[in-house]
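Asks: The structure file coords.tsv (TSV, C-alpha atoms and all ligand atoms) is provided below.
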```tsv
chain	number	residue	atom	x	y	z
A	1	MET	CA	7.08	-12.26	-42.73
A	2	VAL	CA	6.92	-14.48	-39.64
A	3	LYS	CA	3.35	-15.01	-38.53
A	4	ARG	CA	2.61	-13.69	-35.06
A	5	LYS	CA	1.86	-16.50	-32.60
A	6	LYS	CA	-1.57	-16.75	-31.03
A	7	ILE	CA	-2.11	-17.77	-27.44
A	8	ALA	CA	-5.12	-18.52	-25.26
A	9	VAL	CA	-4.95	-17.84	-21.52
A	10	LEU	CA	-7.10	-19.67	-18.95
A	11	PHE	CA	-7.56	-18.40	-15.38
A	12	SER	CA	-9.91	-18.91	-12.42
A	13	GLY	CA	-9.32	-16.03	-10.01
A	14	LYS	CA	-7.29	-12.88	-9.67
A	15	GLY	CA	-5.61	-13.17	-13.03
A	16	SER	CA	-2.35	-11.45	-12.07
A	17	ASN	CA	-0.36	-13.87	-14.24
A	18	PHE	CA	-2.78	-13.29	-17.09
A	19	ALA	CA	-2.28	-9.53	-16.61
A	20	HIS	CA	1.49	-9.98	-16.72
A	21	ILE	CA	1.25	-11.90	-20.01
A	22	VAL	CA	-0.88	-9.10	-21.44
A	23	ASN	CA	1.59	-6.44	-20.24
A	24	THR	CA	4.72	-8.17	-21.52
A	25	LEU	CA	3.82	-10.22	-24.60
A	26	HIS	CA	0.54	-8.90	-25.99
A	27	PRO	CA	0.12	-8.17	-28.80
A	28	GLU	CA	3.60	-7.76	-30.34
A	29	GLU	CA	5.35	-10.95	-29.26
A	30	ALA	CA	2.27	-13.10	-28.92
A	31	GLU	CA	-1.34	-12.15	-29.38
A	32	VAL	CA	-3.76	-13.25	-26.67
A	33	VAL	CA	-6.62	-14.21	-28.96
A	34	VAL	CA	-8.90	-15.37	-26.16
A	35	ALA	CA	-9.05	-15.46	-22.38
A	36	LEU	CA	-11.25	-18.11	-20.79
A	37	THR	CA	-12.38	-18.57	-17.21
A	38	ASN	CA	-14.48	-21.17	-15.43
A	39	ASN	CA	-15.45	-18.61	-12.78
A	40	PRO	CA	-18.01	-15.89	-13.62
A	41	GLU	CA	-16.79	-13.95	-10.55
A	42	ALA	CA	-13.08	-14.06	-11.43
A	43	GLU	CA	-11.26	-10.75	-10.96
A	44	GLY	CA	-9.23	-11.51	-14.07
A	45	ILE	CA	-12.31	-10.82	-16.20
A	46	ALA	CA	-11.59	-7.10	-15.74
A	47	VAL	CA	-8.10	-7.61	-17.21
A	48	ALA	CA	-9.56	-9.08	-20.40
A	49	LYS	CA	-12.12	-6.28	-20.68
A	50	GLU	CA	-9.54	-3.54	-20.17
A	51	ALA	CA	-7.25	-5.00	-22.80
A	52	ASP	CA	-10.10	-5.69	-25.24
A	53	ILE	CA	-9.29	-9.38	-25.34
A	54	PRO	CA	-12.13	-11.71	-26.34
A	55	LEU	CA	-13.43	-13.41	-23.20
A	56	GLU	CA	-15.17	-16.74	-22.79
A	57	ILE	CA	-16.86	-17.64	-19.51
A	58	VAL	CA	-17.62	-21.34	-19.11
A	59	ASP	CA	-19.10	-21.70	-15.63
A	60	SER	CA	-17.82	-25.03	-14.33
A	61	LYS	CA	-20.69	-25.23	-11.83
A	62	ALA	CA	-23.15	-25.55	-14.71
A	63	TYR	CA	-21.66	-28.82	-16.00
A	64	GLU	CA	-22.48	-32.24	-14.62
A	65	SER	CA	-19.10	-33.83	-15.30
A	66	ARG	CA	-15.48	-32.85	-15.93
A	67	GLU	CA	-15.80	-34.28	-19.45
A	68	THR	CA	-18.80	-32.17	-20.45
A	69	PHE	CA	-17.08	-29.05	-19.10
A	70	ASP	CA	-13.85	-29.88	-20.92
A	71	THR	CA	-15.76	-30.54	-24.16
A	72	GLU	CA	-17.22	-27.04	-24.05
A	73	VAL	CA	-13.85	-25.46	-23.21
A	74	VAL	CA	-12.14	-27.28	-26.10
A	75	LYS	CA	-14.87	-26.16	-28.48
A	76	ARG	CA	-14.55	-22.51	-27.44
A	77	LEU	CA	-10.75	-22.59	-27.68
A	78	GLN	CA	-10.69	-24.25	-31.09
A	79	TYR	CA	-12.76	-21.41	-32.50
A	80	TYR	CA	-9.79	-19.06	-31.90
A	81	ALA	CA	-7.17	-21.57	-33.17
A	82	PRO	CA	-4.40	-20.65	-30.69
A	83	ASP	CA	-0.87	-21.97	-31.26
A	84	LEU	CA	-0.53	-22.47	-27.52
A	85	THR	CA	-2.87	-22.44	-24.52
A	86	VAL	CA	-1.53	-21.16	-21.20
A	87	LEU	CA	-3.03	-22.21	-17.87
A	88	ALA	CA	-2.31	-19.25	-15.59
A	89	GLY	CA	-4.04	-20.00	-12.30
A	90	PHE	CA	-6.68	-22.23	-13.91
A	91	MET	CA	-7.82	-24.30	-10.96
A	92	ARG	CA	-9.39	-27.27	-12.72
A	93	ILE	CA	-8.42	-30.92	-12.99
A	94	LEU	CA	-8.43	-31.65	-16.71
A	95	THR	CA	-9.52	-34.84	-18.43
A	96	PRO	CA	-8.15	-36.40	-21.64
A	97	VAL	CA	-10.98	-34.60	-23.48
A	98	PHE	CA	-8.93	-31.45	-22.89
A	99	THR	CA	-5.38	-32.79	-22.79
A	100	GLU	CA	-5.68	-34.77	-26.03
A	101	HIS	CA	-7.01	-31.81	-28.02
A	102	VAL	CA	-5.27	-28.77	-26.57
A	103	LYS	CA	-1.53	-28.10	-26.59
A	104	SER	CA	-1.03	-26.38	-23.26
A	105	VAL	CA	1.40	-25.37	-20.54
A	106	ASN	CA	0.65	-24.86	-16.86
A	107	LEU	CA	2.18	-22.67	-14.18
A	108	HIS	CA	2.53	-24.31	-10.78
A	109	PRO	CA	3.95	-22.64	-7.66
A	110	SER	CA	6.24	-25.44	-6.46
A	111	LEU	CA	9.30	-27.33	-7.61
A	112	LEU	CA	7.44	-30.21	-9.23
A	113	PRO	CA	7.22	-33.13	-8.67
A	114	ARG	CA	6.95	-31.80	-5.13
A	115	HIS	CA	3.53	-30.61	-3.99
A	116	LYS	CA	1.18	-31.25	-6.89
A	117	GLY	CA	-2.36	-29.91	-6.56
A	118	LEU	CA	-3.75	-27.23	-4.27
A	119	ASN	CA	-1.96	-25.04	-1.69
A	120	ALA	CA	1.46	-25.68	-3.19
A	121	ILE	CA	2.97	-22.44	-1.83
A	122	GLU	CA	2.02	-23.27	1.77
A	123	LYS	CA	3.13	-26.88	1.40
A	124	SER	CA	6.48	-25.83	-0.08
A	125	TYR	CA	7.08	-23.29	2.69
A	126	ASN	CA	6.37	-25.87	5.37
A	127	ASP	CA	8.38	-28.77	3.96
A	128	ALA	CA	11.88	-29.80	5.01
A	129	TYR	CA	13.74	-28.49	1.93
A	130	GLU	CA	15.77	-25.28	1.97
A	131	GLU	CA	14.32	-24.19	-1.35
A	132	GLY	CA	10.90	-23.94	-2.88
A	133	GLY	CA	10.16	-22.53	-6.30
A	134	VAL	CA	7.95	-22.52	-9.36
A	135	SER	CA	7.49	-24.73	-12.42
A	136	VAL	CA	6.04	-24.43	-15.89
A	137	HIS	CA	5.27	-27.78	-17.49
A	138	TRP	CA	3.43	-29.32	-20.41
A	139	VAL	CA	-0.10	-30.34	-19.50
A	140	THR	CA	-1.00	-34.02	-19.62
A	141	SER	CA	-3.90	-35.90	-18.06
A	142	GLU	CA	-1.73	-36.57	-15.02
A	143	LEU	CA	-2.31	-33.67	-12.62
A	144	ASP	CA	0.79	-31.42	-12.56
A	145	GLY	CA	2.70	-34.34	-14.04
A	146	GLY	CA	3.80	-33.33	-17.57
A	147	GLU	CA	7.34	-32.65	-18.73
A	148	ILE	CA	8.98	-29.63	-17.12
A	149	ILE	CA	9.76	-26.67	-19.42
A	150	LEU	CA	11.29	-24.31	-16.84
A	151	GLN	CA	11.81	-24.20	-13.09
A	152	LYS	CA	13.22	-21.57	-10.77
A	153	LYS	CA	14.23	-22.08	-7.17
A	154	VAL	CA	13.55	-19.72	-4.28
A	155	CYS	CA	15.57	-19.95	-1.08
A	156	LYS	CA	13.30	-19.97	1.98
A	157	GLU	CA	15.92	-19.05	4.53
A	158	GLY	CA	15.08	-15.91	6.51
A	159	LEU	CA	11.73	-15.40	4.76
A	160	SER	CA	8.42	-15.21	6.61
A	161	PHE	CA	5.57	-17.03	4.90
A	162	GLU	CA	4.26	-13.70	3.55
A	163	GLN	CA	7.67	-12.82	2.10
A	164	TYR	CA	8.04	-16.28	0.56
A	165	ASP	CA	4.54	-16.08	-0.93
A	166	GLN	CA	5.27	-12.63	-2.39
A	167	THR	CA	8.57	-13.80	-3.86
A	168	ILE	CA	6.90	-16.79	-5.49
A	169	ARG	CA	4.16	-14.63	-6.95
A	170	GLN	CA	6.72	-12.28	-8.45
A	171	ILE	CA	9.04	-14.95	-9.80
A	172	GLU	CA	6.31	-17.12	-11.26
A	173	LYS	CA	5.31	-14.29	-13.61
A	174	GLU	CA	8.82	-14.00	-15.02
A	175	VAL	CA	9.18	-17.76	-15.37
A	176	LEU	CA	5.80	-18.11	-17.09
A	177	VAL	CA	6.62	-15.48	-19.70
A	178	GLU	CA	10.08	-16.97	-20.27
A	179	ALA	CA	8.55	-20.43	-20.73
A	180	ILE	CA	6.00	-19.11	-23.23
A	181	ARG	CA	8.80	-17.46	-25.21
A	182	LYS	CA	10.75	-20.68	-25.13
A	183	VAL	CA	8.00	-22.88	-26.52
A	184	LEU	CA	6.55	-20.52	-29.10
B	1	LIG	C1	-0.68	-18.53	-8.97
B	1	LIG	O1	0.10	-18.43	-7.81
B	1	LIG	C2	-0.42	-19.85	-9.68
B	1	LIG	O2	0.91	-20.28	-9.57
B	1	LIG	C3	-1.34	-20.77	-8.94
B	1	LIG	O3	-2.51	-20.01	-8.74
B	1	LIG	C4	-2.17	-18.63	-8.62
B	1	LIG	C5	-3.03	-17.81	-9.55
B	1	LIG	O4	-2.82	-16.44	-9.37
B	1	LIG	N1	-1.61	-21.97	-9.70
B	1	LIG	C6	-1.83	-23.16	-9.16
B	1	LIG	O5	-1.79	-23.36	-7.95
B	1	LIG	C7	-2.09	-24.27	-10.15
B	1	LIG	N2	-2.25	-25.51	-9.49
B	1	LIG	P1	-3.39	-15.37	-10.42
B	1	LIG	O6	-4.87	-15.68	-10.64
B	1	LIG	O7	-3.19	-14.05	-9.77
B	1	LIG	O8	-2.61	-15.51	-11.69
```
Rewrite the coordinates I just gave you, this time as structure tokens.
Ligand code: GAR

Replies:
Amino acid sequence: MVKRKKIAVLFSGKGSNFAHIVNTLHPEEAEVVVALTNNPEAEGIAVAKEADIPLEIVDSKAYESRETFDTEVVKRLQYYAPDLTVLAGFMRILTPVFTEHVKSVNLHPSLLPRHKGLNAIEKSYNDAYEEGGVSVHWVTSELDGGEIILQKKVCKEGLSFEQYDQTIRQIEKEVLVEAIRKVL
């Protein structure tokens, strides 16, 4: 029998991508063995509770450096021994303490290498290209800089910012799940 793959999901806010992973993959295709957030107020906490998924809260405000925070996150993740860790709206810059110990993929709402970092949807909408899009990539210590696993383009023509934003938020969920399937 093929052993079911275990994944960890990290989020910081709403957790709609986390919820989509739970609804599509968990637990048959991949078991979410832990969800972890750096934000004790994150709405996504309710998703973990509803689905009975073990939850770890590591409040980033309580740590004096990125390295001490990352050390604690790595320790908590290793306890659950996931095959893959998925950053789904995890709004933290990660240090080598994390990237050298955790095999992880990240969802980013732009066509990388365009618009790394924050506010990527707004920046993509306002740039000179006809298309924006989403990317899932391997996580390295270079912010939003690891090898691309999957990308999908979205044509901006005729879309208001709200429509573009909504399209991105819909498409990113499909691309994230497809990328997880691809790497597992
Ligand atoms: C998503 O749009 C995701 O692409 C983005 O944060 C949002 C989280 O939404 N991630 C980044 O910008 C990473 N730099 P969610 O909490 O509802 O999943």

Asks: My list of candidates is A:Ala35, A:Val22, A:Leu107, A:Val74. Which is closest to ligand LIG 1 (chain B) when distances are computed with only C-alpha atoms and all ligand atoms?

Replies: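 For ligand LIG 1 (chain B), the nearest of the given residues is A:Leu107.
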
Asks: Restricting the calculation to only C-alpha atoms and all ligand atoms, which member of A:Leu111, A:Ile7, A:Val58, A:Ile53 is positioned closest to ligand LIG 1 (chain B)?

Replies: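 Result for the nearest residue to ligand LIG 1 (chain B): A:Leu111.
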
Asks: Would you list the residues that come within 10 Å of ligand LIG 1 (chain B)? Count all atoms listed in the file and give the answer as a count of residues only.

Replies: 48

Asks: Please report the interatomic distance between CA of Val33 (chain A) and CA of Lys6 (chain A) in Å with one decimal.

Replies: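 According to the coordinates, CA of Val33 (chain A) and CA of Lys6 (chain A) are separated by 6.0 Å.
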
Asks: So what do you get for CA of Val73 (chain A) versus CA of Ala30 (chain A), distance-wise?

Replies: 21.1 Å

Asks: From the list A:Val34, A:Leu150, A:Glu28, A:Tyr164, which residue is nearest Ala81 (chain A) when using all atoms listed in the file?

Replies: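 Comparing A:Val34, A:Leu150, A:Glu28, A:Tyr164 against Ala81 (chain A), the winner is A:Val34.
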
Asks: Can you tell me how far CA of Lys156 (chain A) sits from CA of Gly132 (chain A), in Å to one decimal?

Replies: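 We find that CA of Lys156 (chain A) and CA of Gly132 (chain A) lie 6.7 Å from each other.
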
Asks: Pick from A:Glu41, A:Leu36, A:Ser160, A:Glu142: nearest to Tyr80 (chain A), with all atoms listed in the file counted?

Replies: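 Going through A:Glu41, A:Leu36, A:Ser160, A:Glu142 one by one, the smallest distance to Tyr80 (chain A) is for A:Leu36.
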
Asks: Which residues, protein or nucleic acid, reach to within 10 Å of (-0.5, -14.7, -32.1) in the file's coordinates when using all atoms listed in the file, and can you give that as a list in words?

Replies: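 Output of the proximity query reads Lys3, Arg4, Lys5, Lys6, Ile7, Ala8, Leu25, His26, Pro27, Glu28, Glu29, Ala30, Glu31, Val32, Val33, Ala81, Pro82, Asp83, Leu84 and Leu184 of chain A.
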
Asks: Please determine, counting only C-alpha atoms, which residue among A:Asp52, A:Asp59, A:Glu67, A:Glu178 has the shortest atom-to-atom distance to Ile149 (chain A).

Replies: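 Ranked by minimum distance to Ile149 (chain A), first place goes to A:Glu178.
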